[in-house]
Amino acid sequence: MICLENVNKFFGEHHVLKNVNLTIGEGEKLVIIGPSGSGKSTTIRCMNGLEEISSGKVIVNDIELNHKTKLEICRKYCAMVFQHFNLYPHMTVLQNLTLAPTKIQKRSRKEAEEIAYKYLKVVGLEAKANVYPATLSGGQQQRVAIARSLCTQKKIILFDEPTSALDPETVQEVLDVMRKISGEKGTTMVVVTHEMGFAKEVADRVIFMEDGMIVEDNTPKEFFENPKNERTRNFLSKILSH
């Protein structure tokens, strides 16, 4: 579904991604971990054109991402869940969920609302359909944001540290929803996160990034029990000891 070939990204003089090569299969659940500033979020944002690469190739469902195809790829294949929920505050939950399906995908209002209620049920927030985002907790807002991404019914969902802005108490409810989504065979998930338990339980593969490069790529079992790279071992020893 997604292929990165020798991807480089510069912000001015700062070389953020360095010859990143990565292939993600259809239905695969990939978790990206690493220290702050290692290029995790930039990598995921390059997958749907939110960040333009400096060199290399990004290919989504056999279509190379460029200026001409970027919008098509985003509309057809990729949905994204951000750290901050990015809900429209002047719209109800239901209106937030039906906006893209009606305006971009040209679905009827009735069909869009049926889909919205279906996914509000998945995230456990059917009763909140007609309230405004400001009345919801952070965890509830993130669950609405996840439901919104599901309403587009796209094959790929990208999660950019979806729990990092949440209180510890509400992290679990969002992770539970993501676990539920991970059970859907056709959905490809790429998740940037610091939640090691989630990575162990849900991922098909875990990659570790350091200084703009992928330094480890393995199954969760091998990654956590027998990491090959010394930098990975050091990182895990600090993270898992807390």
# chains A, B, ... in the order shown; residues from 1 in each chain; ligands from 1
>>> residues_around(residues="Ile59 in chain A", least_positions_apart="3", cutoff="9 Å", atoms="only C-alpha atoms", output="PyMOL selection string")
chain A and resi 1-5+47+62-65
>>> write_last_selection(atoms="C-alpha atoms", output="compact mmCIF listing (two decimals), in the first residue's frame")
# COMPACT_ATOMS: atom_id res chain seq x y z
CA MET A 1 0.00 0.00 0.00
CA ILE A 2 2.83 2.42 0.81
CA CYS A 3 6.41 2.46 -0.43
CA LEU A 4 9.11 4.98 0.44
CA GLU A 5 12.20 4.82 -1.76
CA MET A 47 3.09 9.42 3.21
CA ASP A 62 0.98 1.98 -7.06
CA ILE A 63 0.57 5.76 -7.60
CA GLU A 64 3.63 7.96 -7.15
CA LEU A 65 2.92 10.93 -4.91
>>> residues_around(residues="Glu195 in chain A", least_positions_apart="6", cutoff="12 Å", atoms="only C-alpha atoms", output="list in words")
Val31, Ile32, Ile33, Gly34, Glu161, Pro162, Thr163, Ser164, Pro168, Val171, Gln172, Val174, Leu175, Met178, Glu201, Val202, Ala203, Val206, Leu236, Ile239, Leu240 and His242 of chain A
>>> closest_residue(among="A:Cys151, A:Leu30, A:Val20, A:Met189", to="Asn218 in chain A", atoms="only C-alpha atoms")
A:Leu30
>>> residues_around(residues="range 71-73 of chain A", least_positions_apart="5", cutoff="9 Å", atoms="only C-alpha atoms", output="ChimeraX atom specification")
/A:48-49,60-61,63,65,78
>>> closest_residue(among="A:Thr152, A:Ser38, A:Thr135, A:Asn229", to="His90 in chain A", atoms="only C-alpha atoms")
A:Thr135
>>> select_by_dssp(residues="range 47-206 of chain A", states="alpha helix (DSSP H)", output="compact mmCIF listing (two decimals) with N, CA and C atoms, in the first residue's frame")
# COMPACT_ATOMS: atom_id res chain seq x y z
N LYS A 70 -1.22 14.22 -5.55
CA LYS A 70 -1.30 14.35 -4.08
C LYS A 70 -2.75 14.40 -3.58
N LEU A 71 -3.55 15.25 -4.20
CA LEU A 71 -4.94 15.41 -3.77
C LEU A 71 -5.74 14.13 -3.99
N GLU A 72 -5.50 13.49 -5.14
CA GLU A 72 -6.20 12.25 -5.46
C GLU A 72 -5.89 11.17 -4.44
N ILE A 73 -4.60 11.04 -4.08
CA ILE A 73 -4.19 10.02 -3.12
C ILE A 73 -4.82 10.28 -1.75
N CYS A 74 -4.77 11.56 -1.32
CA CYS A 74 -5.36 11.90 -0.02
C CYS A 74 -6.85 11.60 0.01
N ARG A 75 -7.54 11.96 -1.06
CA ARG A 75 -8.99 11.78 -1.09
C ARG A 75 -9.39 10.31 -1.20
N LYS A 76 -8.58 9.53 -1.92
CA LYS A 76 -8.98 8.15 -2.18
C LYS A 76 -8.50 7.16 -1.13
N VAL A 93 -20.64 17.21 16.59
CA VAL A 93 -19.90 15.99 16.29
C VAL A 93 -20.37 15.38 14.97
N LEU A 94 -21.68 15.28 14.80
CA LEU A 94 -22.24 14.69 13.59
C LEU A 94 -21.84 15.50 12.35
N GLN A 95 -21.89 16.81 12.45
CA GLN A 95 -21.51 17.66 11.32
C GLN A 95 -20.03 17.51 10.98
N ASN A 96 -19.17 17.37 12.01
CA ASN A 96 -17.76 17.12 11.76
C ASN A 96 -17.56 15.82 10.98
N LEU A 97 -18.33 14.80 11.35
CA LEU A 97 -18.16 13.48 10.73
C LEU A 97 -18.73 13.40 9.32
N THR A 98 -19.73 14.19 9.02
CA THR A 98 -20.38 14.09 7.70
C THR A 98 -19.82 15.10 6.69
N LEU A 99 -18.96 16.01 7.13
CA LEU A 99 -18.48 17.07 6.24
C LEU A 99 -17.74 16.51 5.02
N ALA A 100 -16.69 15.72 5.26
CA ALA A 100 -15.90 15.20 4.14
C ALA A 100 -16.71 14.24 3.25
N PRO A 101 -17.46 13.30 3.84
CA PRO A 101 -18.25 12.40 2.98
C PRO A 101 -19.25 13.13 2.07
N THR A 102 -19.85 14.23 2.54
CA THR A 102 -20.83 14.94 1.71
C THR A 102 -20.16 15.93 0.75
N LYS A 103 -19.16 16.66 1.23
CA LYS A 103 -18.54 17.70 0.40
C LYS A 103 -17.52 17.16 -0.58
N ARG A 109 -26.66 13.16 2.25
CA ARG A 109 -26.70 13.45 3.68
C ARG A 109 -27.13 12.22 4.48
N LYS A 110 -28.14 11.52 3.98
CA LYS A 110 -28.66 10.33 4.68
C LYS A 110 -27.58 9.25 4.80
N GLU A 111 -26.89 8.98 3.70
CA GLU A 111 -25.84 7.95 3.71
C GLU A 111 -24.70 8.35 4.64
N ALA A 112 -24.30 9.64 4.56
CA ALA A 112 -23.20 10.12 5.40
C ALA A 112 -23.54 10.01 6.88
N GLU A 113 -24.78 10.31 7.23
CA GLU A 113 -25.19 10.22 8.64
C GLU A 113 -25.27 8.78 9.11
N GLU A 114 -25.69 7.88 8.24
CA GLU A 114 -25.73 6.45 8.60
C GLU A 114 -24.32 5.94 8.89
N ILE A 115 -23.37 6.35 8.04
CA ILE A 115 -21.97 5.96 8.24
C ILE A 115 -21.43 6.58 9.54
N ALA A 116 -21.77 7.84 9.78
CA ALA A 116 -21.29 8.53 10.98
C ALA A 116 -21.77 7.84 12.25
N TYR A 117 -23.05 7.48 12.29
CA TYR A 117 -23.57 6.80 13.48
C TYR A 117 -22.93 5.42 13.65
N LYS A 118 -22.67 4.77 12.54
CA LYS A 118 -22.00 3.46 12.60
C LYS A 118 -20.65 3.57 13.32
N TYR A 119 -19.87 4.60 12.95
CA TYR A 119 -18.54 4.73 13.55
C TYR A 119 -18.55 5.42 14.90
N LEU A 120 -19.56 6.22 15.16
CA LEU A 120 -19.71 6.73 16.53
C LEU A 120 -19.99 5.59 17.49
N LYS A 121 -20.70 4.59 17.00
CA LYS A 121 -20.96 3.40 17.83
C LYS A 121 -19.65 2.65 18.08
N VAL A 122 -18.81 2.55 17.05
CA VAL A 122 -17.51 1.88 17.19
C VAL A 122 -16.67 2.54 18.28
N GLY A 138 -10.81 15.52 26.32
CA GLY A 138 -9.79 15.31 25.30
C GLY A 138 -9.86 13.92 24.69
N GLY A 139 -10.04 12.92 25.53
CA GLY A 139 -10.14 11.54 25.02
C GLY A 139 -11.34 11.36 24.12
N GLN A 140 -12.47 11.96 24.50
CA GLN A 140 -13.67 11.87 23.66
C GLN A 140 -13.45 12.59 22.33
N GLN A 141 -12.79 13.74 22.36
CA GLN A 141 -12.53 14.46 21.11
C GLN A 141 -11.63 13.65 20.18
N GLN A 142 -10.64 12.97 20.75
CA GLN A 142 -9.77 12.16 19.90
C GLN A 142 -10.53 10.96 19.34
N ARG A 143 -11.45 10.39 20.13
CA ARG A 143 -12.26 9.30 19.60
C ARG A 143 -13.17 9.78 18.47
N VAL A 144 -13.68 11.00 18.59
CA VAL A 144 -14.46 11.59 17.49
C VAL A 144 -13.57 11.77 16.26
N ALA A 145 -12.35 12.24 16.47
CA ALA A 145 -11.41 12.42 15.36
C ALA A 145 -11.13 11.08 14.66
N ILE A 146 -11.02 10.02 15.44
CA ILE A 146 -10.81 8.69 14.85
C ILE A 146 -12.06 8.27 14.07
N ALA A 147 -13.24 8.50 14.66
CA ALA A 147 -14.49 8.18 13.95
C ALA A 147 -14.57 8.95 12.64
N ARG A 148 -14.15 10.21 12.66
CA ARG A 148 -14.16 11.03 11.44
C ARG A 148 -13.28 10.40 10.37
N SER A 149 -12.11 9.92 10.75
CA SER A 149 -11.22 9.29 9.76
C SER A 149 -11.85 8.01 9.21
N LEU A 150 -12.56 7.27 10.07
CA LEU A 150 -13.21 6.04 9.63
C LEU A 150 -14.36 6.32 8.68
N CYS A 151 -15.03 7.45 8.87
CA CYS A 151 -16.18 7.80 8.02
C CYS A 151 -15.79 7.98 6.56
N PRO A 168 -3.21 11.14 31.10
CA PRO A 168 -2.98 9.70 31.23
C PRO A 168 -4.26 8.90 31.41
N GLU A 169 -5.25 9.48 32.07
CA GLU A 169 -6.51 8.76 32.33
C GLU A 169 -7.26 8.45 31.04
N THR A 170 -7.11 9.31 30.03
CA THR A 170 -7.91 9.14 28.81
C THR A 170 -7.15 8.43 27.69
N VAL A 171 -5.86 8.19 27.89
CA VAL A 171 -5.07 7.51 26.87
C VAL A 171 -5.65 6.13 26.56
N GLN A 172 -6.03 5.42 27.60
CA GLN A 172 -6.48 4.03 27.43
C GLN A 172 -7.72 3.93 26.56
N GLU A 173 -8.67 4.88 26.72
CA GLU A 173 -9.90 4.78 25.94
C GLU A 173 -9.62 4.97 24.45
N VAL A 174 -8.65 5.81 24.11
CA VAL A 174 -8.28 5.99 22.70
C VAL A 174 -7.56 4.76 22.18
N LEU A 175 -6.64 4.21 22.96
CA LEU A 175 -5.92 3.00 22.54
C LEU A 175 -6.89 1.84 22.35
N ASP A 176 -7.92 1.75 23.20
CA ASP A 176 -8.92 0.68 23.05
C ASP A 176 -9.63 0.77 21.71
N VAL A 177 -9.96 2.00 21.31
CA VAL A 177 -10.60 2.20 20.00
C VAL A 177 -9.65 1.79 18.88
N MET A 178 -8.39 2.16 19.00
CA MET A 178 -7.41 1.81 17.97
C MET A 178 -7.20 0.30 17.89
N ARG A 179 -7.26 -0.37 19.04
CA ARG A 179 -7.17 -1.84 19.03
C ARG A 179 -8.34 -2.45 18.27
N LYS A 180 -9.51 -1.86 18.47
CA LYS A 180 -10.71 -2.35 17.79
C LYS A 180 -10.56 -2.20 16.27
N ILE A 181 -10.06 -1.05 15.84
CA ILE A 181 -9.85 -0.80 14.41
C ILE A 181 -8.81 -1.75 13.84
N SER A 182 -7.79 -2.06 14.62
CA SER A 182 -6.71 -2.91 14.13
C SER A 182 -7.20 -4.32 13.79
N MET A 196 4.25 1.66 24.24
CA MET A 196 4.93 0.39 23.95
C MET A 196 3.99 -0.81 24.06
N GLY A 197 3.07 -0.74 25.02
CA GLY A 197 2.12 -1.85 25.18
C GLY A 197 1.26 -2.02 23.94
N PHE A 198 0.82 -0.92 23.37
CA PHE A 198 0.03 -0.95 22.15
C PHE A 198 0.86 -1.55 21.01
N ALA A 199 2.12 -1.14 20.89
CA ALA A 199 2.98 -1.66 19.84
C ALA A 199 3.14 -3.17 19.96
N LYS A 200 3.37 -3.65 21.19
CA LYS A 200 3.54 -5.09 21.40
C LYS A 200 2.29 -5.88 21.01
N GLU A 201 1.15 -5.31 21.34
CA GLU A 201 -0.11 -6.05 21.19
C GLU A 201 -0.68 -6.00 19.77
N VAL A 202 -0.54 -4.86 19.11
CA VAL A 202 -1.29 -4.62 17.86
C VAL A 202 -0.42 -4.70 16.61
>>> residues_around(residues="Met80 in chain A", least_positions_apart="5", cutoff="8 Å", atoms="only C-alpha atoms", output="count of residues only")
5
>>> select_by_dssp(residues="range 23-203 of chain A", states="strand (DSSP E or B)", output="PyMOL selection string")
chain A and resi 23-24+29-33+55-60+63-64+78-81+156-160+188-192
>>> atom_distance(atom1="CA of Gly186 in chain A", atom2="CA of Tyr77 in chain A")
12.1 Å
>>> closest_residue(among="A:Ile156, A:Cys46, A:Ala165, A:Met91", to="Asn130 in chain A", atoms="only C-alpha atoms")
A:Met91
>>> residues_around(residues="range 9-14 of chain A", least_positions_apart="4", cutoff="8 Å", atoms="only C-alpha atoms", output="list in words")
Lys18, Glu52, Ile53, Ser54 and Ser55 of chain A
>>> write_last_selection(atoms="C-alpha atoms", output="short mmCIF file (atom, residue, chain, number, x, y, z; two decimals), in the first residue's frame")
data_model
loop_
_atom_site.label_atom_id
_atom_site.label_comp_id
_atom_site.auth_asym_id
_atom_site.auth_seq_id
_atom_site.Cartn_x
_atom_site.Cartn_y
_atom_site.Cartn_z
CA LYS A 18 18.02 10.42 5.35
CA GLU A 52 6.80 17.45 0.48
CA ILE A 53 9.88 15.25 0.15
CA SER A 54 13.19 16.75 -1.00
CA SER A 55 14.19 13.67 -3.02
#
>>> residues_around(residues="Lys185 in chain A", least_positions_apart="4", cutoff="9 Å", atoms="only C-alpha atoms", output="PyMOL selection string")
chain A and resi 26-28+181
>>> atom_distance(atom1="CA of Leu17 in chain A", atom2="CA of Pro227 in chain A")
22.2 Å
